[in-house]
file structure.cif (mmCIF, C-alpha atoms)
data_structure
#
loop_
_atom_site.group_PDB
_atom_site.id
_atom_site.type_symbol
_atom_site.label_atom_id
_atom_site.label_comp_id
_atom_site.auth_asym_id
_atom_site.auth_seq_id
_atom_site.Cartn_x
_atom_site.Cartn_y
_atom_site.Cartn_z
ATOM 1 C CA MET A 1 -52.097 -20.626 44.048
ATOM 2 C CA ALA A 2 -55.857 -21.105 44.379
ATOM 3 C CA LEU A 3 -55.930 -23.092 41.135
ATOM 4 C CA GLN A 4 -53.350 -25.537 42.503
ATOM 5 C CA TRP A 5 -55.435 -26.081 45.642
ATOM 6 C CA LEU A 6 -58.551 -26.601 43.542
ATOM 7 C CA ARG A 7 -56.737 -29.193 41.408
ATOM 8 C CA PHE A 8 -55.406 -30.889 44.542
ATOM 9 C CA ILE A 9 -58.854 -31.064 46.154
ATOM 10 C CA LEU A 10 -60.495 -32.346 42.955
ATOM 11 C CA ALA A 11 -57.768 -34.943 42.420
ATOM 12 C CA SER A 12 -58.037 -36.022 46.066
ATOM 13 C CA LEU A 13 -61.798 -36.485 45.778
ATOM 14 C CA PHE A 14 -61.436 -38.523 42.585
ATOM 15 C CA MET A 15 -58.686 -40.655 44.124
ATOM 16 C CA LEU A 16 -60.662 -41.248 47.322
ATOM 17 C CA ALA A 17 -63.817 -42.160 45.394
ATOM 18 C CA GLY A 18 -61.812 -44.509 43.156
ATOM 19 C CA LEU A 19 -60.149 -46.240 46.087
ATOM 20 C CA ILE A 20 -63.477 -46.633 47.901
ATOM 21 C CA THR A 21 -64.983 -48.152 44.752
ATOM 22 C CA LEU A 22 -62.067 -50.539 44.337
ATOM 23 C CA PHE A 23 -62.292 -51.497 48.019
ATOM 24 C CA ALA A 24 -66.021 -52.199 47.616
ATOM 25 C CA ALA A 25 -65.271 -54.353 44.573
ATOM 26 C CA THR A 26 -62.654 -56.327 46.488
ATOM 27 C CA LEU A 27 -65.037 -56.783 49.393
ATOM 28 C CA GLY A 28 -67.755 -57.917 46.975
ATOM 29 C CA LEU A 29 -65.449 -60.505 45.447
ATOM 30 C CA PHE A 30 -64.964 -62.085 48.856
ATOM 31 C CA ARG A 31 -68.531 -61.696 50.118
ATOM 32 C CA PHE A 32 -70.554 -62.937 47.147
ATOM 33 C CA HIS A 33 -70.909 -66.697 46.886
ATOM 34 C CA TYR A 34 -71.891 -67.197 43.267
ATOM 35 C CA VAL A 35 -69.549 -66.658 40.347
ATOM 36 C CA LEU A 36 -71.955 -64.495 38.317
ATOM 37 C CA ASP A 37 -72.273 -62.062 41.202
ATOM 38 C CA ARG A 38 -68.510 -61.879 41.489
ATOM 39 C CA ILE A 39 -68.109 -61.276 37.771
ATOM 40 C CA HIS A 40 -70.669 -58.470 37.911
ATOM 41 C CA VAL A 41 -68.811 -56.757 40.739
ATOM 42 C CA ALA A 42 -65.475 -57.166 39.004
ATOM 43 C CA ALA A 43 -66.709 -55.840 35.672
ATOM 44 C CA LYS A 44 -68.572 -52.819 37.001
ATOM 45 C CA CYS A 45 -66.737 -51.639 40.092
ATOM 46 C CA ASP A 46 -63.201 -52.265 38.851
ATOM 47 C CA THR A 47 -63.882 -50.337 35.663
ATOM 48 C CA PHE A 48 -65.371 -47.387 37.528
ATOM 49 C CA GLY A 49 -62.677 -47.432 40.224
ATOM 50 C CA VAL A 50 -59.876 -47.366 37.652
ATOM 51 C CA LEU A 51 -61.687 -44.581 35.789
ATOM 52 C CA LEU A 52 -61.844 -42.425 38.917
ATOM 53 C CA THR A 53 -58.258 -43.171 39.910
ATOM 54 C CA PHE A 54 -56.883 -42.364 36.465
ATOM 55 C CA ALA A 55 -59.061 -39.249 36.307
ATOM 56 C CA SER A 56 -57.403 -38.033 39.509
ATOM 57 C CA LEU A 57 -53.992 -38.632 37.924
ATOM 58 C CA MET A 58 -55.108 -36.669 34.866
ATOM 59 C CA VAL A 59 -56.178 -33.755 37.072
ATOM 60 C CA ILE A 60 -52.800 -33.802 38.831
ATOM 61 C CA LEU A 61 -50.841 -33.897 35.550
ATOM 62 C CA GLY A 62 -52.865 -31.228 33.793
ATOM 63 C CA LEU A 63 -52.993 -31.056 30.015
ATOM 64 C CA GLN A 64 -49.962 -33.078 28.956
ATOM 65 C CA ALA A 65 -49.172 -36.009 26.703
ATOM 66 C CA ALA A 66 -49.212 -38.345 29.714
ATOM 67 C CA SER A 67 -52.780 -37.343 30.574
ATOM 68 C CA LEU A 68 -53.857 -38.114 27.008
ATOM 69 C CA LYS A 69 -52.233 -41.533 27.349
ATOM 70 C CA LEU A 70 -54.180 -42.070 30.572
ATOM 71 C CA LEU A 71 -57.354 -41.114 28.715
ATOM 72 C CA LEU A 72 -56.603 -43.763 26.083
ATOM 73 C CA ILE A 73 -56.033 -46.334 28.834
ATOM 74 C CA ILE A 74 -59.373 -45.354 30.399
ATOM 75 C CA VAL A 75 -61.146 -45.851 27.061
ATOM 76 C CA LEU A 76 -59.472 -49.236 26.545
ATOM 77 C CA ILE A 77 -60.412 -50.432 30.038
ATOM 78 C CA TRP A 78 -63.927 -48.991 29.677
ATOM 79 C CA LEU A 79 -64.425 -51.112 26.556
ATOM 80 C CA ALA A 80 -62.476 -54.281 27.354
ATOM 81 C CA ASN A 81 -63.317 -55.009 30.993
ATOM 82 C CA PRO A 82 -67.139 -55.292 30.676
ATOM 83 C CA VAL A 83 -66.822 -57.289 27.461
ATOM 84 C CA ALA A 84 -64.423 -59.747 29.092
ATOM 85 C CA GLY A 85 -66.716 -60.042 32.122
ATOM 86 C CA HIS A 86 -69.684 -60.667 29.866
ATOM 87 C CA LEU A 87 -67.853 -63.409 27.971
ATOM 88 C CA ILE A 88 -66.828 -65.132 31.194
ATOM 89 C CA ALA A 89 -70.399 -64.925 32.511
ATOM 90 C CA TYR A 90 -71.721 -66.262 29.199
ATOM 91 C CA MET A 91 -69.408 -69.262 29.400
ATOM 92 C CA GLU A 92 -70.488 -69.870 32.993
ATOM 93 C CA ALA A 93 -74.132 -69.789 31.921
ATOM 94 C CA LEU A 94 -73.467 -72.234 29.089
ATOM 95 C CA THR A 95 -71.353 -74.734 30.986
ATOM 96 C CA ASN A 96 -72.830 -74.826 34.497
ATOM 97 C CA PRO A 97 -75.283 -77.739 34.785
ATOM 98 C CA ARG A 98 -76.634 -76.456 38.124
ATOM 99 C CA LEU A 99 -77.333 -72.933 36.895
ATOM 100 C CA LYS A 100 -81.007 -72.950 37.900
ATOM 101 C CA ASP A 101 -80.074 -73.849 41.489
ATOM 102 C CA ASN A 102 -78.077 -70.662 41.943
ATOM 103 C CA CYS A 103 -79.814 -67.985 39.859
ATOM 104 C CA GLU A 104 -82.637 -67.244 37.463
ATOM 105 C CA VAL A 105 -80.496 -67.012 34.340
ATOM 106 C CA ILE A 106 -81.972 -68.821 31.366
ATOM 107 C CA PRO A 107 -79.072 -70.247 29.352
ATOM 108 C CA TYR A 108 -78.981 -69.673 25.622
ATOM 109 C CA ASP A 109 -79.675 -72.827 23.643
ATOM 110 C CA PRO A 110 -78.780 -72.429 19.961
ATOM 111 C CA ASP A 111 -80.604 -75.657 18.933
#
call {"tool": "encode", "arguments": {"input": "structure.cif", "output": "structure tokens"}}
result
Amino acid sequence: MALQWLRFILASLFMLAGLITLFAATLGLFRFHYVLDRIHVAAKCDTFGVLLTFASLMVILGLQAASLKLLLIIVLIWLANPVAGHLIAYMEALTNPRLKDNCEVIPYDPD
């Protein structure tokens, strides 16, 4: 009985922390004005928020096949989301002619 309460409390803390992180990411997407700031928030906070939320689901499920599937989803998101955000930010840095007006990013010039 005590183990079930411990799992419930741990899962609740993970879920609450994940939802707070996702809320902060959503707020950051609306509050930041420049696209690179928005991409940074989306890549970092969304990845961490999904990690915490799925970790709470894994704690609730216990050691089952579904929790291993959630772990694989976490690994996929952990790898794919920052890479996709980096590629979008890289394209913004290459194609924005007014980049120096908004930030201190030095665009890569292959020539």
call {"tool": "resolve_selection", "arguments": {"input": "structure.cif", "expression": "the PyMOL selection byres ((chain A and resi 18-26) around 8)", "output": "PyMOL selection string"}}
result
chain A and resi 14-17+27-30+41-42+45-46+48-53
call {"tool": "atom_distance", "arguments": {"input": "structure.cif", "atom1": "atom CA of Gln4 of chain A", "atom2": "atom CA of Ile60 of chain A"}}
result
9.1 Å
call {"tool": "closest_residue", "arguments": {"input": "structure.cif", "among": "A:Leu13, A:Trp78, A:Val35, A:Met1", "to": "Asn96 of chain A", "atoms": "all atoms listed in the file"}}
result
A:Val35
call {"tool": "residues_around", "arguments": {"input": "structure.cif", "residues": "His40 of chain A", "least_positions_apart": "6", "cutoff": "12 Å", "atoms": "only C-alpha atoms", "output": "PyMOL selection string"}}
result
chain A and resi 25-26+28-29+32+34+46-47+81-90
call {"tool": "atom_distance", "arguments": {"input": "structure.cif", "atom1": "atom CA of Ala55 of chain A", "atom2": "atom CA of Leu68 of chain A"}}
result
10.7 Å
call {"tool": "axis_aligned_box", "arguments": {"input": "structure.cif", "around": "segment 56-60 of chain A", "padding_each_side": "8 Å", "output": "JSON"}}
result
{"center_x": -55.1, "center_y": -36.2, "center_z": 37.2, "size_x": 20.6, "size_y": 20.9, "size_z": 20.6}
